[in-house]
>>> print(open('protein_38.cif').read())   # mmCIF, all heavy atoms
data_model
#
loop_
_atom_site.label_atom_id
_atom_site.label_comp_id
_atom_site.auth_asym_id
_atom_site.auth_seq_id
_atom_site.Cartn_x
_atom_site.Cartn_y
_atom_site.Cartn_z
N MET A 1 -9.43 -8.18 19.44
CA MET A 1 -10.39 -7.10 19.42
C MET A 1 -9.77 -5.81 18.89
O MET A 1 -10.42 -5.07 18.14
CB MET A 1 -10.95 -6.91 20.83
CG MET A 1 -12.04 -5.89 20.91
SD MET A 1 -13.47 -6.47 19.98
CE MET A 1 -14.62 -5.21 20.33
N ASN A 2 -8.52 -5.53 19.29
CA ASN A 2 -7.86 -4.32 18.81
C ASN A 2 -7.68 -4.35 17.30
O ASN A 2 -7.78 -3.32 16.63
CB ASN A 2 -6.49 -4.15 19.48
CG ASN A 2 -6.64 -3.69 20.91
OD1 ASN A 2 -7.67 -3.18 21.31
ND2 ASN A 2 -5.59 -3.89 21.69
N ARG A 3 -7.39 -5.53 16.77
CA ARG A 3 -7.19 -5.64 15.32
C ARG A 3 -8.50 -5.39 14.57
O ARG A 3 -8.50 -4.78 13.50
CB ARG A 3 -6.64 -7.03 15.00
CG ARG A 3 -6.16 -7.11 13.59
CD ARG A 3 -5.39 -8.38 13.36
NE ARG A 3 -4.58 -8.14 12.17
CZ ARG A 3 -3.49 -8.75 11.88
NH1 ARG A 3 -3.02 -9.65 12.69
NH2 ARG A 3 -2.84 -8.48 10.79
N ILE A 4 -9.60 -5.83 15.12
CA ILE A 4 -10.90 -5.60 14.48
C ILE A 4 -11.22 -4.11 14.47
O ILE A 4 -11.67 -3.57 13.45
CB ILE A 4 -12.01 -6.40 15.20
CG1 ILE A 4 -11.78 -7.89 15.01
CG2 ILE A 4 -13.39 -6.00 14.70
CD1 ILE A 4 -12.67 -8.77 15.84
N LEU A 5 -10.98 -3.43 15.57
CA LEU A 5 -11.24 -1.99 15.63
C LEU A 5 -10.30 -1.23 14.69
O LEU A 5 -10.73 -0.26 14.05
CB LEU A 5 -11.08 -1.48 17.06
CG LEU A 5 -12.17 -1.92 18.03
CD1 LEU A 5 -11.85 -1.45 19.45
CD2 LEU A 5 -13.51 -1.40 17.60
N ALA A 6 -9.05 -1.64 14.63
CA ALA A 6 -8.11 -0.99 13.70
C ALA A 6 -8.54 -1.22 12.25
O ALA A 6 -8.45 -0.31 11.43
CB ALA A 6 -6.70 -1.52 13.94
N LEU A 7 -8.99 -2.40 11.93
CA LEU A 7 -9.47 -2.69 10.58
C LEU A 7 -10.71 -1.86 10.26
O LEU A 7 -10.83 -1.31 9.16
CB LEU A 7 -9.78 -4.18 10.42
CG LEU A 7 -10.23 -4.63 9.05
CD1 LEU A 7 -9.14 -4.36 8.01
CD2 LEU A 7 -10.58 -6.10 9.07
N PHE A 8 -11.61 -1.72 11.22
CA PHE A 8 -12.80 -0.89 11.03
C PHE A 8 -12.41 0.57 10.78
O PHE A 8 -12.97 1.23 9.90
CB PHE A 8 -13.72 -1.00 12.25
CG PHE A 8 -14.94 -0.11 12.16
CD1 PHE A 8 -15.95 -0.41 11.27
CD2 PHE A 8 -15.04 1.00 12.96
CE1 PHE A 8 -17.07 0.41 11.18
CE2 PHE A 8 -16.15 1.83 12.87
CZ PHE A 8 -17.16 1.53 11.98
N ALA A 9 -11.45 1.06 11.55
CA ALA A 9 -10.99 2.44 11.36
C ALA A 9 -10.35 2.62 9.99
O ALA A 9 -10.56 3.64 9.32
CB ALA A 9 -10.01 2.82 12.46
N PHE A 10 -9.56 1.64 9.55
CA PHE A 10 -8.91 1.72 8.24
C PHE A 10 -9.96 1.72 7.12
O PHE A 10 -9.88 2.53 6.20
CB PHE A 10 -7.94 0.55 8.05
CG PHE A 10 -7.37 0.47 6.67
CD1 PHE A 10 -6.45 1.40 6.24
CD2 PHE A 10 -7.78 -0.51 5.78
CE1 PHE A 10 -5.93 1.34 4.95
CE2 PHE A 10 -7.27 -0.58 4.50
CZ PHE A 10 -6.33 0.35 4.09
N VAL A 11 -10.94 0.85 7.23
CA VAL A 11 -11.98 0.78 6.20
C VAL A 11 -12.78 2.08 6.17
O VAL A 11 -13.10 2.59 5.09
CB VAL A 11 -12.89 -0.45 6.43
CG1 VAL A 11 -14.12 -0.40 5.55
CG2 VAL A 11 -12.11 -1.72 6.18
N THR A 12 -13.09 2.62 7.33
CA THR A 12 -13.84 3.88 7.40
C THR A 12 -13.06 5.01 6.75
O THR A 12 -13.61 5.78 5.96
CB THR A 12 -14.16 4.22 8.86
OG1 THR A 12 -14.88 3.15 9.45
CG2 THR A 12 -14.98 5.49 8.95
N LEU A 13 -11.78 5.12 7.06
CA LEU A 13 -10.95 6.15 6.45
C LEU A 13 -10.85 5.95 4.94
O LEU A 13 -10.95 6.90 4.17
CB LEU A 13 -9.55 6.16 7.07
CG LEU A 13 -8.57 7.14 6.45
CD1 LEU A 13 -8.97 8.57 6.77
CD2 LEU A 13 -7.17 6.87 6.94
N ALA A 14 -10.65 4.71 4.52
CA ALA A 14 -10.53 4.41 3.09
C ALA A 14 -11.80 4.78 2.34
O ALA A 14 -11.73 5.38 1.27
CB ALA A 14 -10.19 2.94 2.90
N VAL A 15 -12.94 4.45 2.89
CA VAL A 15 -14.20 4.78 2.23
C VAL A 15 -14.36 6.30 2.13
O VAL A 15 -14.75 6.83 1.09
CB VAL A 15 -15.40 4.15 2.98
CG1 VAL A 15 -16.72 4.72 2.51
CG2 VAL A 15 -15.37 2.64 2.82
N PHE A 16 -14.04 7.01 3.21
CA PHE A 16 -14.16 8.46 3.21
C PHE A 16 -13.29 9.10 2.14
O PHE A 16 -13.75 9.93 1.35
CB PHE A 16 -13.80 9.01 4.59
CG PHE A 16 -13.79 10.51 4.64
CD1 PHE A 16 -14.97 11.22 4.66
CD2 PHE A 16 -12.59 11.19 4.67
CE1 PHE A 16 -14.96 12.61 4.70
CE2 PHE A 16 -12.57 12.58 4.72
CZ PHE A 16 -13.76 13.29 4.73
N VAL A 17 -12.02 8.73 2.07
CA VAL A 17 -11.13 9.38 1.10
C VAL A 17 -11.39 8.88 -0.32
O VAL A 17 -11.17 9.62 -1.28
CB VAL A 17 -9.64 9.23 1.48
CG1 VAL A 17 -9.34 9.96 2.77
CG2 VAL A 17 -9.21 7.80 1.56
N LEU A 18 -11.88 7.66 -0.49
CA LEU A 18 -12.22 7.20 -1.83
C LEU A 18 -13.46 7.91 -2.38
O LEU A 18 -13.53 8.18 -3.57
CB LEU A 18 -12.40 5.68 -1.84
CG LEU A 18 -11.10 4.89 -1.69
CD1 LEU A 18 -11.38 3.41 -1.58
CD2 LEU A 18 -10.14 5.17 -2.83
N ILE A 19 -14.40 8.22 -1.51
CA ILE A 19 -15.54 9.03 -1.94
C ILE A 19 -15.04 10.40 -2.40
O ILE A 19 -15.46 10.91 -3.44
CB ILE A 19 -16.58 9.17 -0.81
CG1 ILE A 19 -17.28 7.85 -0.59
CG2 ILE A 19 -17.59 10.27 -1.14
CD1 ILE A 19 -18.17 7.82 0.63
N LEU A 20 -14.13 10.98 -1.64
CA LEU A 20 -13.54 12.26 -2.03
C LEU A 20 -12.82 12.15 -3.37
O LEU A 20 -12.94 13.01 -4.23
CB LEU A 20 -12.57 12.74 -0.95
CG LEU A 20 -11.85 14.04 -1.19
CD1 LEU A 20 -12.84 15.20 -1.23
CD2 LEU A 20 -10.80 14.28 -0.14
N ALA A 21 -12.08 11.07 -3.57
CA ALA A 21 -11.34 10.88 -4.82
C ALA A 21 -12.28 10.74 -6.02
O ALA A 21 -11.96 11.22 -7.11
CB ALA A 21 -10.44 9.66 -4.72
N PHE A 22 -13.42 10.09 -5.82
CA PHE A 22 -14.36 9.94 -6.93
C PHE A 22 -15.14 11.21 -7.22
O PHE A 22 -15.49 11.50 -8.35
CB PHE A 22 -15.33 8.79 -6.67
CG PHE A 22 -14.72 7.44 -6.91
CD1 PHE A 22 -14.55 6.53 -5.89
CD2 PHE A 22 -14.32 7.07 -8.19
CE1 PHE A 22 -13.99 5.30 -6.10
CE2 PHE A 22 -13.75 5.83 -8.43
CZ PHE A 22 -13.59 4.94 -7.38
N LYS A 23 -15.43 11.98 -6.19
CA LYS A 23 -16.18 13.23 -6.38
C LYS A 23 -15.30 14.33 -6.95
O LYS A 23 -15.78 15.18 -7.69
CB LYS A 23 -16.78 13.71 -5.05
CG LYS A 23 -17.87 12.81 -4.52
CD LYS A 23 -19.11 12.93 -5.36
CE LYS A 23 -20.23 12.12 -4.72
NZ LYS A 23 -21.46 12.21 -5.46
N VAL A 24 -14.02 14.33 -6.58
CA VAL A 24 -13.07 15.35 -7.06
C VAL A 24 -11.91 14.60 -7.73
O VAL A 24 -10.88 14.37 -7.12
CB VAL A 24 -12.54 16.21 -5.89
CG1 VAL A 24 -11.65 17.32 -6.42
CG2 VAL A 24 -13.66 16.74 -5.05
N PRO A 25 -12.06 14.21 -8.98
CA PRO A 25 -11.05 13.35 -9.62
C PRO A 25 -9.81 14.09 -10.11
O PRO A 25 -9.38 13.95 -11.24
CB PRO A 25 -11.83 12.74 -10.78
CG PRO A 25 -12.84 13.77 -11.12
CD PRO A 25 -13.22 14.43 -9.83
N SER A 26 -9.21 14.86 -9.24
CA SER A 26 -7.96 15.54 -9.57
C SER A 26 -6.80 14.54 -9.44
O SER A 26 -6.71 13.84 -8.43
CB SER A 26 -7.74 16.71 -8.61
OG SER A 26 -6.45 17.21 -8.73
N PRO A 27 -5.92 14.47 -10.43
CA PRO A 27 -4.81 13.51 -10.36
C PRO A 27 -3.91 13.72 -9.14
O PRO A 27 -3.47 12.75 -8.52
CB PRO A 27 -4.04 13.74 -11.65
CG PRO A 27 -5.02 14.37 -12.57
CD PRO A 27 -5.96 15.16 -11.72
N ASP A 28 -3.66 14.96 -8.78
CA ASP A 28 -2.82 15.23 -7.61
C ASP A 28 -3.48 14.72 -6.34
O ASP A 28 -2.81 14.13 -5.48
CB ASP A 28 -2.55 16.73 -7.47
CG ASP A 28 -1.74 17.28 -8.61
OD1 ASP A 28 -1.03 16.48 -9.27
OD2 ASP A 28 -1.81 18.51 -8.85
N LEU A 29 -4.77 14.94 -6.21
CA LEU A 29 -5.49 14.49 -5.03
C LEU A 29 -5.51 12.97 -4.96
O LEU A 29 -5.32 12.40 -3.88
CB LEU A 29 -6.92 15.03 -5.04
CG LEU A 29 -7.80 14.64 -3.87
CD1 LEU A 29 -7.24 15.20 -2.57
CD2 LEU A 29 -9.22 15.12 -4.09
N VAL A 30 -5.70 12.31 -6.08
CA VAL A 30 -5.71 10.84 -6.10
C VAL A 30 -4.36 10.28 -5.69
O VAL A 30 -4.28 9.32 -4.92
CB VAL A 30 -6.14 10.33 -7.49
CG1 VAL A 30 -5.98 8.83 -7.60
CG2 VAL A 30 -7.59 10.74 -7.78
N ILE A 31 -3.29 10.90 -6.13
CA ILE A 31 -1.94 10.45 -5.75
C ILE A 31 -1.74 10.59 -4.24
O ILE A 31 -1.24 9.66 -3.58
CB ILE A 31 -0.87 11.24 -6.52
CG1 ILE A 31 -0.91 10.84 -8.00
CG2 ILE A 31 0.51 11.01 -5.94
CD1 ILE A 31 -0.08 11.73 -8.90
N ILE A 32 -2.14 11.72 -3.67
CA ILE A 32 -2.00 11.93 -2.23
C ILE A 32 -2.85 10.93 -1.45
O ILE A 32 -2.42 10.39 -0.43
CB ILE A 32 -2.38 13.38 -1.85
CG1 ILE A 32 -1.40 14.36 -2.49
CG2 ILE A 32 -2.44 13.57 -0.35
CD1 ILE A 32 0.03 14.16 -2.07
N ILE A 33 -4.05 10.64 -1.94
CA ILE A 33 -4.91 9.67 -1.27
C ILE A 33 -4.31 8.28 -1.31
O ILE A 33 -4.32 7.55 -0.32
CB ILE A 33 -6.33 9.71 -1.88
CG1 ILE A 33 -7.04 10.99 -1.44
CG2 ILE A 33 -7.14 8.48 -1.49
CD1 ILE A 33 -8.35 11.23 -2.10
N VAL A 34 -3.75 7.89 -2.44
CA VAL A 34 -3.12 6.57 -2.55
C VAL A 34 -1.93 6.46 -1.60
O VAL A 34 -1.76 5.45 -0.91
CB VAL A 34 -2.71 6.29 -4.01
CG1 VAL A 34 -1.81 5.08 -4.11
CG2 VAL A 34 -3.95 6.10 -4.87
N ILE A 35 -1.11 7.49 -1.54
CA ILE A 35 0.04 7.49 -0.63
C ILE A 35 -0.42 7.42 0.82
O ILE A 35 0.12 6.65 1.63
CB ILE A 35 0.93 8.73 -0.87
CG1 ILE A 35 1.60 8.62 -2.23
CG2 ILE A 35 1.96 8.89 0.23
CD1 ILE A 35 2.31 9.89 -2.68
N THR A 36 -1.45 8.19 1.15
CA THR A 36 -1.98 8.19 2.52
C THR A 36 -2.52 6.82 2.90
O THR A 36 -2.24 6.31 3.99
CB THR A 36 -3.08 9.25 2.66
OG1 THR A 36 -2.54 10.53 2.33
CG2 THR A 36 -3.65 9.27 4.06
N LEU A 37 -3.28 6.20 2.01
CA LEU A 37 -3.81 4.88 2.30
C LEU A 37 -2.70 3.83 2.41
O LEU A 37 -2.80 2.90 3.20
CB LEU A 37 -4.84 4.47 1.26
CG LEU A 37 -6.18 5.21 1.33
CD1 LEU A 37 -7.10 4.75 0.20
CD2 LEU A 37 -6.84 5.01 2.68
N ALA A 38 -1.64 4.00 1.64
CA ALA A 38 -0.51 3.07 1.75
C ALA A 38 0.17 3.20 3.11
O ALA A 38 0.51 2.19 3.75
CB ALA A 38 0.49 3.34 0.63
N PHE A 39 0.35 4.44 3.58
CA PHE A 39 0.94 4.66 4.91
C PHE A 39 0.05 4.08 6.01
O PHE A 39 0.54 3.44 6.94
CB PHE A 39 1.17 6.14 5.18
CG PHE A 39 2.40 6.70 4.53
CD1 PHE A 39 2.37 7.99 4.01
CD2 PHE A 39 3.56 5.98 4.43
CE1 PHE A 39 3.50 8.53 3.42
CE2 PHE A 39 4.69 6.50 3.83
CZ PHE A 39 4.67 7.78 3.32
N VAL A 40 -1.24 4.29 5.89
CA VAL A 40 -2.18 3.78 6.90
C VAL A 40 -2.20 2.24 6.87
O VAL A 40 -2.22 1.61 7.93
CB VAL A 40 -3.58 4.38 6.69
CG1 VAL A 40 -4.60 3.72 7.60
CG2 VAL A 40 -3.55 5.87 6.93
N ALA A 41 -2.18 1.66 5.70
CA ALA A 41 -2.17 0.19 5.60
C ALA A 41 -0.88 -0.38 6.19
O ALA A 41 -0.91 -1.40 6.89
CB ALA A 41 -2.32 -0.23 4.14
N TYR A 42 0.25 0.27 5.93
CA TYR A 42 1.51 -0.18 6.50
C TYR A 42 1.47 -0.09 8.03
O TYR A 42 1.91 -1.01 8.72
CB TYR A 42 2.67 0.66 5.95
CG TYR A 42 3.99 0.34 6.60
CD1 TYR A 42 4.69 -0.81 6.25
CD2 TYR A 42 4.53 1.17 7.56
CE1 TYR A 42 5.89 -1.12 6.85
CE2 TYR A 42 5.72 0.87 8.17
CZ TYR A 42 6.41 -0.27 7.81
OH TYR A 42 7.59 -0.57 8.42
N ASP A 43 0.96 1.02 8.55
CA ASP A 43 0.85 1.18 10.00
C ASP A 43 -0.08 0.13 10.58
O ASP A 43 0.22 -0.45 11.64
CB ASP A 43 0.35 2.57 10.33
CG ASP A 43 0.29 2.81 11.82
OD1 ASP A 43 1.33 2.61 12.49
OD2 ASP A 43 -0.78 3.21 12.31
N PHE A 44 -1.18 -0.14 9.91
CA PHE A 44 -2.10 -1.18 10.38
C PHE A 44 -1.42 -2.54 10.42
O PHE A 44 -1.52 -3.28 11.39
CB PHE A 44 -3.34 -1.24 9.49
CG PHE A 44 -4.21 -2.43 9.74
CD1 PHE A 44 -4.97 -2.50 10.90
CD2 PHE A 44 -4.28 -3.48 8.84
CE1 PHE A 44 -5.78 -3.60 11.14
CE2 PHE A 44 -5.07 -4.57 9.07
CZ PHE A 44 -5.83 -4.63 10.23
N ALA A 45 -0.68 -2.85 9.36
CA ALA A 45 -0.03 -4.17 9.28
C ALA A 45 1.07 -4.33 10.32
O ALA A 45 1.24 -5.41 10.88
CB ALA A 45 0.54 -4.37 7.88
N THR A 46 1.80 -3.28 10.59
CA THR A 46 2.93 -3.39 11.51
C THR A 46 2.53 -3.24 12.98
O THR A 46 3.16 -3.84 13.86
CB THR A 46 4.02 -2.37 11.20
OG1 THR A 46 3.48 -1.06 11.26
CG2 THR A 46 4.62 -2.63 9.82
N SER A 47 1.52 -2.45 13.26
CA SER A 47 1.19 -2.21 14.67
C SER A 47 0.11 -3.11 15.22
O SER A 47 -0.04 -3.20 16.44
CB SER A 47 0.77 -0.74 14.86
OG SER A 47 -0.43 -0.50 14.17
N SER A 48 -0.63 -3.80 14.38
CA SER A 48 -1.73 -4.61 14.91
C SER A 48 -1.41 -6.10 14.99
O SER A 48 -2.24 -6.86 15.44
CB SER A 48 -2.99 -4.42 14.07
OG SER A 48 -2.81 -4.96 12.78
N ARG A 49 -0.24 -6.49 14.55
CA ARG A 49 0.09 -7.91 14.64
C ARG A 49 0.47 -8.27 16.09
O ARG A 49 0.79 -7.41 16.89
CB ARG A 49 1.20 -8.28 13.68
CG ARG A 49 2.53 -7.65 14.01
CD ARG A 49 3.60 -8.09 13.05
NE ARG A 49 4.61 -7.06 13.00
CZ ARG A 49 5.46 -6.90 12.04
NH1 ARG A 49 5.43 -7.70 11.02
NH2 ARG A 49 6.34 -5.93 12.08
N ASN A 50 0.43 -9.53 16.39
CA ASN A 50 0.75 -9.99 17.73
C ASN A 50 2.22 -9.84 18.00
O ASN A 50 3.07 -10.28 17.21
CB ASN A 50 0.35 -11.45 17.90
CG ASN A 50 -1.15 -11.63 17.86
OD1 ASN A 50 -1.88 -10.73 18.20
ND2 ASN A 50 -1.59 -12.80 17.44
N LYS A 51 2.52 -9.21 19.11
CA LYS A 51 3.91 -9.00 19.49
C LYS A 51 4.30 -10.05 20.53
O LYS A 51 3.72 -10.10 21.61
CB LYS A 51 4.11 -7.60 20.03
CG LYS A 51 3.87 -6.53 19.01
CD LYS A 51 4.01 -5.16 19.64
CE LYS A 51 3.80 -4.08 18.62
NZ LYS A 51 2.45 -3.95 18.14
N GLN A 52 5.27 -10.87 20.19
CA GLN A 52 5.74 -11.89 21.13
C GLN A 52 7.19 -11.58 21.47
O GLN A 52 8.07 -11.67 20.64
CB GLN A 52 5.64 -13.28 20.52
CG GLN A 52 4.22 -13.68 20.22
CD GLN A 52 4.13 -15.04 19.58
OE1 GLN A 52 5.16 -15.66 19.31
NE2 GLN A 52 2.93 -15.49 19.30
N ASP A 53 7.41 -11.17 22.73
CA ASP A 53 8.76 -10.82 23.17
C ASP A 53 9.50 -12.02 23.70
O ASP A 53 9.09 -12.79 24.42
CB ASP A 53 8.71 -9.72 24.23
CG ASP A 53 8.17 -8.41 23.62
OD1 ASP A 53 8.36 -8.18 22.43
OD2 ASP A 53 7.57 -7.66 24.39
#
>>> encode(input="protein_38.cif", output="structure tokens")
Amino acid sequence: MNRILALFAFVTLAVFVLILAFKVPSPDLVIIIVITLAFVAYDFATSSRNKQD
């Protein structure tokens, strides 16, 4: 369930910033958005997987 909610949050954030990137197509802004989404995707991938100690 946590992974589904994290995925929903990631998709919501991605849609929000991609709308911003399309409405304001500044190259600097697009670069920052891509970096931000990469950090969020990495955090999603590393923190939502099953932890077996």
>>> resolve_selection(input="protein_38.cif", expression="the PyMOL selection byres (((chain A and resi 38-51 and name CA) around 9) and name CA)", output="MDAnalysis selection string")
chainID A and resid 2:3 6:7 10 33:37 52:53
>>> atom_distance(input="protein_38.cif", atom1="CG2 of Val11 (chain A)", atom2="atom N of Pro25 (chain A)")
22.0 Å
>>> atom_distance(input="protein_38.cif", atom1="CG2 of Ile31 (chain A)", atom2="CB of Val17 (chain A)")
12.7 Å
>>> atom_distance(input="protein_38.cif", atom1="atom C of Val15 (chain A)", atom2="atom C of Ile32 (chain A)")
12.9 Å
>>> axis_aligned_box(input="protein_38.cif", around="region 23-36 of chain A", padding_each_side="8 Å", output="JSON")
{"center_x": -9.6, "center_y": 11.8, "center_z": -4.3, "size_x": 39.8, "size_y": 29.4, "size_z": 32.6}
>>> select_by_dssp(input="protein_38.cif", residues="chain A", states="alpha helix (DSSP H)", output="MDAnalysis selection string")
chainID A and resid 2:23 27:47
